[in-house]
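**Student:** If it helps, the file is called work06.cif and holds mmCIF, C-alpha atoms and all ligand atoms:
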data_structure
loop_
_atom_site.group_PDB
_atom_site.id
_atom_site.type_symbol
_atom_site.label_atom_id
_atom_site.label_comp_id
_atom_site.auth_asym_id
_atom_site.auth_seq_id
_atom_site.Cartn_x
_atom_site.Cartn_y
_atom_site.Cartn_z
ATOM 1 C CA MET A 266 57.628 103.992 97.751
ATOM 2 C CA THR A 267 56.497 100.631 99.052
ATOM 3 C CA SER A 268 56.707 99.614 102.673
ATOM 4 C CA HIS A 269 60.116 98.424 103.789
ATOM 5 C CA ALA A 270 59.930 94.672 103.936
ATOM 6 C CA LEU A 271 61.719 92.725 106.620
ATOM 7 C CA ARG A 272 64.932 91.391 105.235
ATOM 8 C CA GLU A 273 65.777 87.738 105.386
ATOM 9 C CA THR A 274 69.158 87.370 107.076
ATOM 10 C CA LYS A 275 69.436 83.631 107.634
ATOM 11 C CA SER A 276 71.851 82.925 104.802
ATOM 12 C CA GLU A 277 74.392 85.555 105.865
ATOM 13 C CA SER A 278 77.291 84.707 108.105
ATOM 14 C CA THR A 279 77.743 86.158 111.563
ATOM 15 C CA VAL A 280 80.711 88.475 112.086
ATOM 16 C CA ILE A 281 80.091 89.309 115.744
ATOM 17 C CA GLN A 282 78.168 87.288 118.265
ATOM 18 C CA ILE A 283 77.391 88.906 121.632
ATOM 19 C CA ASN A 284 76.207 86.440 124.291
ATOM 20 C CA ASN A 285 74.677 87.621 127.576
ATOM 21 C CA VAL A 286 77.040 90.548 127.858
ATOM 22 C CA GLY A 287 76.893 92.811 130.879
ATOM 23 C CA LEU A 288 79.239 95.502 132.089
ATOM 24 C CA THR A 289 79.399 97.096 135.512
ATOM 25 C CA TYR A 290 81.715 100.033 136.185
ATOM 26 C CA GLN A 291 83.163 100.205 139.673
ATOM 27 C CA THR A 292 84.533 103.546 140.731
ATOM 28 C CA ASP A 293 85.587 104.756 144.191
ATOM 29 C CA LYS A 294 82.200 106.358 144.685
ATOM 30 C CA GLN A 295 79.735 104.040 142.999
ATOM 31 C CA VAL A 296 78.908 100.904 141.093
ATOM 32 C CA VAL A 297 77.196 101.556 137.751
ATOM 33 C CA THR A 298 75.650 98.769 135.706
ATOM 34 C CA ALA A 299 75.936 100.170 132.178
ATOM 35 C CA LEU A 300 74.824 97.098 130.201
ATOM 36 C CA GLN A 301 72.786 94.065 131.101
ATOM 37 C CA ASN A 302 72.114 90.819 129.292
ATOM 38 C CA ILE A 303 72.944 91.935 125.746
ATOM 39 C CA ASN A 304 72.442 89.259 123.098
ATOM 40 C CA LEU A 305 73.132 90.226 119.536
ATOM 41 C CA GLN A 306 74.206 88.783 116.208
ATOM 42 C CA ILE A 307 75.856 91.085 113.725
ATOM 43 C CA LYS A 308 75.639 89.745 110.198
ATOM 44 C CA GLU A 309 78.307 90.174 107.571
ATOM 45 C CA GLY A 310 77.699 93.271 105.451
ATOM 46 C CA SER A 311 74.956 94.671 107.653
ATOM 47 C CA PHE A 312 74.746 98.312 108.704
ATOM 48 C CA VAL A 313 73.909 98.107 112.397
ATOM 49 C CA CYS A 314 72.601 101.276 114.015
ATOM 50 C CA VAL A 315 72.371 101.428 117.809
ATOM 51 C CA LEU A 316 69.899 103.933 119.208
ATOM 52 C CA GLY A 317 69.173 104.814 122.793
ATOM 53 C CA PRO A 318 68.944 107.627 125.322
ATOM 54 C CA SER A 319 72.052 109.371 126.565
ATOM 55 C CA GLY A 320 73.886 107.336 129.211
ATOM 56 C CA CYS A 321 72.246 104.021 128.268
ATOM 57 C CA GLY A 322 75.533 102.284 127.508
ATOM 58 C CA LYS A 323 75.965 102.733 123.736
ATOM 59 C CA THR A 324 79.585 103.834 123.950
ATOM 60 C CA THR A 325 80.266 101.118 126.522
ATOM 61 C CA LEU A 326 79.034 98.479 124.067
ATOM 62 C CA LEU A 327 81.200 99.898 121.290
ATOM 63 C CA ARG A 328 84.209 99.993 123.620
ATOM 64 C CA ILE A 329 83.718 96.314 124.420
ATOM 65 C CA LEU A 330 83.660 95.483 120.694
ATOM 66 C CA ALA A 331 86.743 97.652 120.136
ATOM 67 C CA GLY A 332 88.605 95.864 122.933
ATOM 68 C CA PHE A 333 88.945 98.960 125.145
ATOM 69 C CA HIS A 334 86.802 97.380 127.895
ATOM 70 C CA GLN A 335 86.209 93.797 128.881
ATOM 71 C CA ALA A 336 82.638 92.719 129.583
ATOM 72 C CA THR A 337 81.970 91.877 133.237
ATOM 73 C CA SER A 338 79.847 88.922 132.137
ATOM 74 C CA GLY A 339 79.136 87.059 128.926
ATOM 75 C CA GLU A 340 81.270 86.753 125.809
ATOM 76 C CA VAL A 341 81.877 88.462 122.485
ATOM 77 C CA LEU A 342 82.981 86.430 119.483
ATOM 78 C CA LEU A 343 84.477 87.736 116.247
ATOM 79 C CA ASP A 344 84.321 85.101 113.509
ATOM 80 C CA ASN A 345 83.439 82.564 116.226
ATOM 81 C CA LYS A 346 86.530 83.322 118.313
ATOM 82 C CA PRO A 347 86.599 85.360 121.539
ATOM 83 C CA ILE A 348 87.770 88.893 120.748
ATOM 84 C CA SER A 349 91.091 89.873 122.216
ATOM 85 C CA PRO A 350 90.731 92.482 124.972
ATOM 86 C CA LYS A 351 92.867 95.029 123.164
ATOM 87 C CA PRO A 352 92.427 97.341 120.155
ATOM 88 C CA ASP A 353 92.957 95.670 116.810
ATOM 89 C CA ARG A 354 92.903 96.887 113.208
ATOM 90 C CA HIS A 355 90.106 94.415 112.462
ATOM 91 C CA ARG A 356 87.844 96.507 114.703
ATOM 92 C CA GLY A 357 88.521 100.050 113.463
ATOM 93 C CA VAL A 358 86.933 102.916 115.364
ATOM 94 C CA VAL A 359 85.695 106.311 114.120
ATOM 95 C CA PHE A 360 84.974 108.611 117.079
ATOM 96 C CA GLN A 361 82.769 111.696 117.228
ATOM 97 C CA GLN A 362 85.841 113.863 117.513
ATOM 98 C CA GLN A 363 88.441 112.821 114.972
ATOM 99 C CA MET A 364 91.776 111.591 116.227
ATOM 100 C CA LEU A 365 94.038 112.489 113.291
ATOM 101 C CA TYR A 366 97.710 113.126 113.972
ATOM 102 C CA PRO A 367 98.169 116.902 113.564
ATOM 103 C CA TRP A 368 101.816 116.579 112.510
ATOM 104 C CA LEU A 369 101.040 114.269 109.577
ATOM 105 C CA ASN A 370 99.304 115.281 106.370
ATOM 106 C CA ILE A 371 96.055 113.580 105.382
ATOM 107 C CA GLU A 372 97.557 110.850 103.194
ATOM 108 C CA ASP A 373 100.090 109.958 105.874
ATOM 109 C CA ASN A 374 97.308 109.807 108.454
ATOM 110 C CA VAL A 375 95.310 107.480 106.214
ATOM 111 C CA GLY A 376 98.383 105.352 105.474
ATOM 112 C CA PHE A 377 99.622 105.255 109.066
ATOM 113 C CA GLY A 378 98.346 101.768 109.933
ATOM 114 C CA LEU A 379 99.627 100.381 106.631
ATOM 115 C CA LYS A 380 103.077 101.820 107.316
ATOM 116 C CA MET A 381 103.076 100.287 110.807
ATOM 117 C CA ARG A 382 102.293 96.938 109.194
ATOM 118 C CA LYS A 383 105.159 97.478 106.754
ATOM 119 C CA VAL A 384 102.993 97.414 103.643
ATOM 120 C CA PRO A 385 105.380 98.373 100.773
ATOM 121 C CA PRO A 386 105.207 102.088 99.770
ATOM 122 C CA LYS A 387 103.743 101.548 96.298
ATOM 123 C CA GLU A 388 100.932 99.317 97.526
ATOM 124 C CA ARG A 389 100.362 101.651 100.476
ATOM 125 C CA GLN A 390 99.973 104.629 98.161
ATOM 126 C CA GLU A 391 97.470 102.758 95.995
ATOM 127 C CA ILE A 392 95.348 101.852 99.013
ATOM 128 C CA VAL A 393 95.525 105.381 100.447
ATOM 129 C CA ASP A 394 94.598 106.950 97.099
ATOM 130 C CA HIS A 395 91.702 104.534 96.698
ATOM 131 C CA TYR A 396 90.118 105.424 100.035
ATOM 132 C CA LEU A 397 90.831 109.153 99.750
ATOM 133 C CA GLU A 398 89.005 109.046 96.432
ATOM 134 C CA MET A 399 86.127 107.121 98.026
ATOM 135 C CA VAL A 400 85.623 109.760 100.732
ATOM 136 C CA GLY A 401 86.128 112.650 98.290
ATOM 137 C CA LEU A 402 89.423 113.955 99.702
ATOM 138 C CA SER A 403 91.845 113.300 96.827
ATOM 139 C CA GLN A 404 92.456 117.034 96.440
ATOM 140 C CA PHE A 405 93.435 117.377 100.078
ATOM 141 C CA LYS A 406 95.926 114.597 100.574
ATOM 142 C CA LYS A 407 98.805 116.981 101.269
ATOM 143 C CA ALA A 408 96.782 119.125 103.700
ATOM 144 C CA LYS A 409 97.183 119.020 107.483
ATOM 145 C CA SER A 410 94.132 118.174 109.577
ATOM 146 C CA TYR A 411 93.777 121.739 110.936
ATOM 147 C CA GLU A 412 93.240 122.923 107.358
ATOM 148 C CA LEU A 413 90.129 120.749 106.965
ATOM 149 C CA SER A 414 86.507 121.322 108.002
ATOM 150 C CA GLY A 415 84.844 119.067 110.585
ATOM 151 C CA GLY A 416 83.175 116.943 107.908
ATOM 152 C CA MET A 417 86.425 116.556 105.964
ATOM 153 C CA LYS A 418 88.245 115.425 109.111
ATOM 154 C CA GLN A 419 85.596 112.768 109.651
ATOM 155 C CA ARG A 420 86.005 111.647 106.027
ATOM 156 C CA ALA A 421 89.740 111.325 106.614
ATOM 157 C CA SER A 422 89.099 109.293 109.787
ATOM 158 C CA ILE A 423 86.781 106.975 107.846
ATOM 159 C CA ALA A 424 89.396 106.555 105.085
ATOM 160 C CA ARG A 425 92.037 105.749 107.699
ATOM 161 C CA VAL A 426 89.916 103.009 109.249
ATOM 162 C CA LEU A 427 88.987 101.545 105.838
ATOM 163 C CA ALA A 428 92.640 101.506 104.720
ATOM 164 C CA ASN A 429 93.263 98.951 107.479
ATOM 165 C CA ASP A 430 90.648 96.651 105.921
ATOM 166 C CA PRO A 431 88.861 95.872 109.229
ATOM 167 C CA ARG A 432 86.308 93.076 109.698
ATOM 168 C CA ILE A 433 83.988 95.635 111.273
ATOM 169 C CA VAL A 434 83.909 99.443 111.322
ATOM 170 C CA LEU A 435 82.832 100.847 114.704
ATOM 171 C CA MET A 436 81.457 104.391 114.677
ATOM 172 C CA ASP A 437 80.465 106.311 117.822
ATOM 173 C CA GLU A 438 78.105 109.171 116.889
ATOM 174 C CA PRO A 439 80.533 110.127 114.096
ATOM 175 C CA PHE A 440 78.340 112.906 112.694
ATOM 176 C CA GLY A 441 77.003 114.161 116.019
ATOM 177 C CA ALA A 442 79.145 117.292 116.074
ATOM 178 C CA LEU A 443 78.477 118.311 112.460
ATOM 179 C CA ASP A 444 76.018 120.913 111.161
ATOM 180 C CA ALA A 445 72.796 119.643 109.551
ATOM 181 C CA MET A 446 73.872 120.047 105.916
ATOM 182 C CA THR A 447 77.259 118.407 106.426
ATOM 183 C CA LYS A 448 75.648 115.629 108.422
ATOM 184 C CA GLU A 449 73.292 114.858 105.543
ATOM 185 C CA GLN A 450 76.191 114.728 103.080
ATOM 186 C CA MET A 451 78.112 112.450 105.424
ATOM 187 C CA GLN A 452 75.132 110.117 105.754
ATOM 188 C CA ASP A 453 74.912 109.873 101.974
ATOM 189 C CA ASN A 454 78.675 109.314 101.799
ATOM 190 C CA ILE A 455 78.819 106.541 104.415
ATOM 191 C CA ARG A 456 75.851 104.763 102.804
ATOM 192 C CA LYS A 457 77.681 104.853 99.459
ATOM 193 C CA ILE A 458 80.907 103.594 101.078
ATOM 194 C CA TRP A 459 79.027 100.758 102.778
ATOM 195 C CA LYS A 460 77.509 99.724 99.437
ATOM 196 C CA GLU A 461 80.857 99.893 97.627
ATOM 197 C CA THR A 462 82.960 98.091 100.230
ATOM 198 C CA HIS A 463 80.335 95.657 101.637
ATOM 199 C CA LYS A 464 81.858 96.347 105.050
ATOM 200 C CA THR A 465 79.992 95.521 108.242
ATOM 201 C CA ILE A 466 79.321 98.753 110.133
ATOM 202 C CA PHE A 467 78.346 99.200 113.789
ATOM 203 C CA PHE A 468 77.130 102.771 114.116
ATOM 204 C CA ILE A 469 75.955 104.527 117.268
ATOM 205 C CA THR A 470 73.600 107.460 117.033
ATOM 206 C CA HIS A 471 70.905 109.142 119.084
ATOM 207 C CA ASP A 472 69.302 110.474 115.881
ATOM 208 C CA VAL A 473 66.323 108.276 114.933
ATOM 209 C CA GLU A 474 66.188 109.569 111.338
ATOM 210 C CA GLU A 475 69.881 108.858 110.907
ATOM 211 C CA ALA A 476 69.355 105.273 112.099
ATOM 212 C CA LEU A 477 66.455 104.817 109.666
ATOM 213 C CA LEU A 478 68.388 106.292 106.722
ATOM 214 C CA LEU A 479 71.451 104.123 107.339
ATOM 215 C CA GLY A 480 70.553 101.025 109.321
ATOM 216 C CA THR A 481 69.655 97.613 107.912
ATOM 217 C CA HIS A 482 69.590 96.336 111.511
ATOM 218 C CA ILE A 483 68.422 98.916 114.042
ATOM 219 C CA ILE A 484 68.859 98.164 117.723
ATOM 220 C CA VAL A 485 67.025 100.193 120.345
ATOM 221 C CA LEU A 486 68.478 100.175 123.858
ATOM 222 C CA SER A 487 66.571 101.001 127.036
ATOM 223 C CA SER A 488 67.781 103.614 129.474
ATOM 224 C CA ARG A 489 70.451 102.435 131.921
ATOM 225 C CA PRO A 490 71.179 99.646 132.433
ATOM 226 C CA GLY A 491 71.079 99.308 128.673
ATOM 227 C CA ARG A 492 69.090 96.326 127.436
ATOM 228 C CA ILE A 493 67.882 95.622 123.907
ATOM 229 C CA VAL A 494 64.210 96.568 123.734
ATOM 230 C CA LYS A 495 63.687 96.381 119.960
ATOM 231 C CA GLU A 496 65.453 95.085 116.868
ATOM 232 C CA ILE A 497 64.259 96.225 113.453
ATOM 233 C CA TYR A 498 65.465 94.907 110.097
ATOM 234 C CA SER A 499 65.133 97.254 107.153
ATOM 235 C CA ASP A 500 66.040 97.255 103.492
ATOM 236 C CA LEU A 501 65.541 100.985 103.072
ATOM 237 C CA PRO A 502 69.302 101.791 102.929
ATOM 238 C CA TYR A 503 69.635 99.413 99.961
ATOM 239 C CA LYS A 504 66.892 101.288 98.139
ATOM 240 C CA ILE A 505 68.039 104.849 98.709
ATOM 241 C CA GLU A 506 69.809 106.076 95.589
ATOM 242 C CA GLU A 507 73.051 107.974 95.928
ATOM 243 C CA GLY A 508 72.506 111.400 97.460
ATOM 244 C CA LYS A 509 68.744 110.875 97.761
ATOM 245 C CA GLY A 510 68.437 110.325 101.519
ATOM 246 C CA ARG A 511 66.656 113.588 102.162
ATOM 247 C CA MET A 512 63.509 112.804 100.147
ATOM 248 C CA TYR A 513 62.725 109.850 102.420
ATOM 249 C CA ARG A 514 62.380 111.952 105.554
ATOM 250 C CA SER A 515 58.869 113.062 104.641
ATOM 251 C CA ASP A 516 57.698 109.708 103.282
ATOM 252 C CA PRO A 517 54.631 108.558 105.287
ATOM 253 C CA ASP A 518 56.069 105.104 105.931
ATOM 254 C CA PHE A 519 59.336 106.627 107.129
ATOM 255 C CA VAL A 520 57.524 109.061 109.416
ATOM 256 C CA LYS A 521 55.478 106.197 110.872
ATOM 257 C CA ARG A 522 58.606 104.184 111.645
ATOM 258 C CA ARG A 523 60.299 107.216 113.142
ATOM 259 C CA GLU A 524 57.351 107.832 115.479
ATOM 260 C CA GLU A 525 57.229 104.160 116.479
ATOM 261 C CA ILE A 526 60.883 104.227 117.486
ATOM 262 C CA ILE A 527 60.572 107.549 119.306
ATOM 263 C CA SER A 528 57.668 106.178 121.316
ATOM 264 C CA ILE A 529 59.724 103.090 122.284
ATOM 265 C CA ILE A 530 62.677 105.234 123.368
ATOM 266 C CA SER A 531 60.584 107.660 125.368
ATOM 267 C CA SER A 532 58.354 105.061 127.044
HETATM 268 N N1 LIG B 601 84.732 104.780 132.745
HETATM 269 C C1 LIG B 601 83.577 104.854 133.409
HETATM 270 N N2 LIG B 601 83.517 104.735 134.770
HETATM 271 C C2 LIG B 601 82.341 104.795 135.426
HETATM 272 N N3 LIG B 601 81.145 104.965 134.827
HETATM 273 C C3 LIG B 601 81.128 105.101 133.493
HETATM 274 C C4 LIG B 601 82.338 105.054 132.704
HETATM 275 N N4 LIG B 601 82.001 105.210 131.407
HETATM 276 C C5 LIG B 601 80.669 105.346 131.367
HETATM 277 N N5 LIG B 601 80.130 105.282 132.601
HETATM 278 C C6 LIG B 601 78.707 105.334 132.951
HETATM 279 O O1 LIG B 601 78.066 104.249 132.295
HETATM 280 C C7 LIG B 601 76.815 104.656 131.747
HETATM 281 C C8 LIG B 601 76.797 104.413 130.254
HETATM 282 O O2 LIG B 601 77.726 105.293 129.625
HETATM 283 P P1 LIG B 601 77.951 105.334 128.052
HETATM 284 O O3 LIG B 601 78.244 103.962 127.574
HETATM 285 O O4 LIG B 601 78.964 106.382 127.777
HETATM 286 O O5 LIG B 601 76.497 105.779 127.541
HETATM 287 P P2 LIG B 601 76.022 106.426 126.129
HETATM 288 O O6 LIG B 601 77.145 106.297 125.159
HETATM 289 O O7 LIG B 601 74.806 105.647 125.740
HETATM 290 O O8 LIG B 601 75.666 107.856 126.400
HETATM 291 C C9 LIG B 601 76.646 106.114 132.133
HETATM 292 O O9 LIG B 601 75.863 106.184 133.288
HETATM 293 C C10 LIG B 601 78.053 106.581 132.413
HETATM 294 O O10 LIG B 601 78.062 107.623 133.360
HETATM 295 MG MG MG B 602 78.194 107.698 124.032
#
Would you mind writing the structure in this file as structure tokens?

**Tutor:**
Amino acid sequence: MTSHALRETKSESTVIQINNVGLTYQTDKQVVTALQNINLQIKEGSFVCVLGPSGCGKTTLLRILAGFHQATSGEVLLDNKPISPKPDRHRGVVFQQQMLYPWLNIEDNVGFGLKMRKVPPKERQEIVDHYLEMVGLSQFKKAKSYELSGGMKQRASIARVLANDPRIVLMDEPFGALDAMTKEQMQDNIRKIWKETHKTIFFITHDVEEALLLGTHIIVLSSRPGRIVKEIYSDLPYKIEEGKGRMYRSDPDFVKRREEIISIISS
């Protein structure tokens, strides 16, 4: 394996532009500055991985992009327009704990947003079937969420977000609660989905290896208040063949990068 060259990103268009964003929480007891002076460009089709110590503001940043929180300072643009401060299907979120409706079966969960938007039943079914196939859940479309394993529930959540055809997929430590084997399968699966759909993904993790195996644009945040301390561009995710993520973990170049990032985070 050759070293992972820096990828040229100039020609790609910007989906999200974050300008001087800061966020301060004010509670009865205290004032907490969670994020400070964040400047970031997210390019179309990139797989952005955000790394940083616990409490550094990763979830806060994702919540701003999702429209759950408004930045205290600065601005966030989606396709050059300020994002609306409310959730929107164009900014679909996959959480660590899945949020499937327990009373609906899997296909109805995946098709829920389409139904709300009054997409005709035949077209809806085609879209749902397409994404269930992509995440490997075609056999389980009639199952209820409690009948699925943790990994399968996350696959269903991913299919549900993709069915809404968002501009960006926001994922907050989506595999953090899964066992090691399932996590590895999910990493391979999301990399494959990203390649097939060309979606832009914004993915939070505290797992350095996960960021290296998935991210084409890796962002390292400092401890609170979160500031960007390093941005790394990588073409490794393009090179990894389907299901072959594991063999890269012991590659000397990979190990070197992992140690570099760990030393930045822990310094
Ligand atoms: N709703 C809130 N009100 C007050 N403080 C909060 C709130 N949400 C998060 N925080 C604080 O902001 C900081 C960043 O939190 P968070 O974005 O969840 O970090 P991370 O996801 O990196 O672990 C933490 O110190 C946390 O305690
Ligand atoms: Mg978090």

**Student:** Looking at only C-alpha atoms and all ligand atoms, which of A:Thr470, A:Thr279, A:Thr465, A:Asn284 is the one that sits closest to ligand MG 602 (chain B)?

**Tutor:**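 Looking at the shortest contact to ligand MG 602 (chain B), the residue is A:Thr470.
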
**Student:** I want to know what sits within 6 Å of region 474-480 of chain A, based on only C-alpha atoms, with residues of the same chain fewer than 2 positions away left out; could you give that as number ranges by chain?

**Tutor:** A: 312-314, 472, 482-483, 502

**Student:** All residues within 10 Å of ligand LIG 601 (chain B) are required, counting all atoms listed in the file; please report them as a PyMOL selection string.

**Tutor:** chain A and resi 288-300+315-329+334+437-438+469-471+486-491

**Student:** Find the distance between CA of Arg511 (chain A) and CA of Gly310 (chain A) and write it in Å to one decimal.

**Tutor:** 23.4 Å

**Student:** Please list as number ranges by chain every residue within 6 Å of region 388-398 of chain A, counting all atoms listed in the file and excluding residues in the same chain fewer than 5 positions away.

**Tutor:** A: 376, 403, 424

**Student:** Mind writing the picked residues with C-alpha atoms as an mmCIF file, in the frame of the given file?

**Tutor:**
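Final output, selection-v2.cif:
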data_model
loop_
_atom_site.group_PDB
_atom_site.id
_atom_site.type_symbol
_atom_site.label_atom_id
_atom_site.label_comp_id
_atom_site.auth_asym_id
_atom_site.auth_seq_id
_atom_site.Cartn_x
_atom_site.Cartn_y
_atom_site.Cartn_z
ATOM 1 C CA GLY A 376 98.383 105.352 105.474
ATOM 2 C CA SER A 403 91.845 113.300 96.827
ATOM 3 C CA ALA A 424 89.396 106.555 105.085
#

**Student:** Determine, counting only C-alpha atoms, every residue of protein, DNA or RNA that lies within 6 Å of (83.4, 99.5, 107.2) in the file coordinates, then give the result as a PyMOL selection string.

**Tutor:** chain A and resi 433-434+464-466

**Student:** Rank nothing, just name the residue among A:Gly441, A:Ser349, A:Val400, A:Val384 nearest to ligand MG 602 (chain B), using all atoms listed in the file.

**Tutor:**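 For ligand MG 602 (chain B), the nearest of the given residues is A:Gly441.
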
**Student:** Can you tell me, as a ChimeraX atom specification, what residues are no more than 6 Å from region 406-422 of chain A when counting all atoms listed in the file, ignoring any on the same chain fewer than 4 positions away?

**Tutor:** /A:367,370-372,400

**Student:** Take the residues from that selection and write them out as an mmCIF file, in the coordinates of the input, keeping C-alpha atoms.

**Tutor:**
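Now in result02.cif:
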data_model
loop_
_atom_site.group_PDB
_atom_site.id
_atom_site.type_symbol
_atom_site.label_atom_id
_atom_site.label_comp_id
_atom_site.auth_asym_id
_atom_site.auth_seq_id
_atom_site.Cartn_x
_atom_site.Cartn_y
_atom_site.Cartn_z
ATOM 1 C CA PRO A 367 98.169 116.902 113.564
ATOM 2 C CA ASN A 370 99.304 115.281 106.370
ATOM 3 C CA ILE A 371 96.055 113.580 105.382
ATOM 4 C CA GLU A 372 97.557 110.850 103.194
ATOM 5 C CA VAL A 400 85.623 109.760 100.732
#

**Student:** Could you please determine the separation between CA of Asn285 (chain A) and CA of Ile526 (chain A) in Å, to one decimal place?

**Tutor:**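 Between CA of Asn285 (chain A) and CA of Ile526 (chain A) the gap is 23.8 Å.
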
**Student:** Evaluating the PyMOL selection byres (((chain A and resi 308) around 8) and not hetatm) on the displayed file yields which residues, as a PDB file with C-alpha atoms, in the coordinates of the input?

**Tutor:**
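The result, written out as selection_30.pdb:
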ATOM      1  CA  THR A 274      69.158  87.370 107.076  1.00  0.00           C
ATOM      2  CA  GLU A 277      74.392  85.555 105.865  1.00  0.00           C
ATOM      3  CA  SER A 278      77.291  84.707 108.105  1.00  0.00           C
ATOM      4  CA  THR A 279      77.743  86.158 111.563  1.00  0.00           C
ATOM      5  CA  VAL A 280      80.711  88.475 112.086  1.00  0.00           C
ATOM      6  CA  ILE A 281      80.091  89.309 115.744  1.00  0.00           C
ATOM      7  CA  GLN A 306      74.206  88.783 116.208  1.00  0.00           C
ATOM      8  CA  ILE A 307      75.856  91.085 113.725  1.00  0.00           C
ATOM      9  CA  GLU A 309      78.307  90.174 107.571  1.00  0.00           C
ATOM     10  CA  GLY A 310      77.699  93.271 105.451  1.00  0.00           C
ATOM     11  CA  SER A 311      74.956  94.671 107.653  1.00  0.00           C
ATOM     12  CA  THR A 465      79.992  95.521 108.242  1.00  0.00           C
TER      13      THR A 465
END

**Student:** What does the structure give for the distance between CA of Pro439 (chain A) and CA of Asn304 (chain A), in Å to one decimal?

**Tutor:** 24.1 Å

**Student:** Counting all atoms listed in the file, which residue out of A:Ser531, A:His355, A:Val485, A:Pro385 sits closest to Asp430 (chain A)?

**Tutor:**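 Nearest to Asp430 (chain A): A:His355.
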
**Student:** A:Ile530, A:Ile505, A:Ala428, A:Leu365: which is nearest Asp453 (chain A), counting all atoms listed in the file?

**Tutor:**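 Checking each candidate against Asp453 (chain A), we get A:Ile505 as the closest.
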
**Student:** Ranking A:Gln450, A:Asn345, A:Gln362, A:Gln335 by minimum distance to ligand MG 602 (chain B) and counting all atoms listed in the file, which one comes first?

**Tutor:**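 Smallest separation from ligand MG 602 (chain B) among the options: A:Gln362.
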
**Student:** Between A:Gln301, A:Thr481, A:Gln404, A:Thr337, which one has atoms that come closest to Phe468 (chain A), using only C-alpha atoms?

**Tutor:**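 Using only C-alpha atoms, the shortest distance to Phe468 (chain A) belongs to A:Thr481.
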
**Student:** Can you list, as a ChimeraX atom specification, every protein, DNA or RNA residue that comes within 9 Å of Phe519 (chain A) when you count all atoms listed in the file, leaving out same-chain residues fewer than 3 positions away?

**Tutor:** /A:268-269,474,477,513-516,522-524

**Student:** If the PyMOL selection byres (((chain A and resi 352) around 8) and not hetatm) were run on this exact file, what residues would it hold? Put them as an mmCIF file with C-alpha atoms, in the frame of the given file.

**Tutor:**
data_model
loop_
_atom_site.group_PDB
_atom_site.id
_atom_site.type_symbol
_atom_site.label_atom_id
_atom_site.label_comp_id
_atom_site.auth_asym_id
_atom_site.auth_seq_id
_atom_site.Cartn_x
_atom_site.Cartn_y
_atom_site.Cartn_z
ATOM 1 C CA ALA A 331 86.743 97.652 120.136
ATOM 2 C CA GLY A 332 88.605 95.864 122.933
ATOM 3 C CA PHE A 333 88.945 98.960 125.145
ATOM 4 C CA SER A 349 91.091 89.873 122.216
ATOM 5 C CA PRO A 350 90.731 92.482 124.972
ATOM 6 C CA LYS A 351 92.867 95.029 123.164
ATOM 7 C CA ASP A 353 92.957 95.670 116.810
ATOM 8 C CA ARG A 354 92.903 96.887 113.208
ATOM 9 C CA ARG A 356 87.844 96.507 114.703
#

**Student:** If the PyMOL selection byres (((chain A and resi 340) around 8) and not hetatm) were run on this exact file, what residues would it hold? Put them as a PDB file with C-alpha atoms, in the frame of the given file.

**Tutor:**
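The result, stored in out.pdb:
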ATOM      1  CA  ILE A 283      77.391  88.906 121.632  1.00  0.00           C
ATOM      2  CA  ASN A 284      76.207  86.440 124.291  1.00  0.00           C
ATOM      3  CA  ASN A 285      74.677  87.621 127.576  1.00  0.00           C
ATOM      4  CA  VAL A 286      77.040  90.548 127.858  1.00  0.00           C
ATOM      5  CA  ALA A 336      82.638  92.719 129.583  1.00  0.00           C
ATOM      6  CA  SER A 338      79.847  88.922 132.137  1.00  0.00           C
ATOM      7  CA  GLY A 339      79.136  87.059 128.926  1.00  0.00           C
ATOM      8  CA  VAL A 341      81.877  88.462 122.485  1.00  0.00           C
ATOM      9  CA  LEU A 342      82.981  86.430 119.483  1.00  0.00           C
ATOM     10  CA  PRO A 347      86.599  85.360 121.539  1.00  0.00           C
TER      11      PRO A 347
END

**Student:** With all atoms of region 463-476 of chain A from the file as input, state the centre and edge lengths in Å to one decimal of the axis-aligned box that has 5 Å extra on each side, as JSON.

**Tutor:**
{"center_x": 74.0, "center_y": 103.0, "center_z": 110.4, "size_x": 25.7, "size_y": 25.0, "size_z": 27.4}
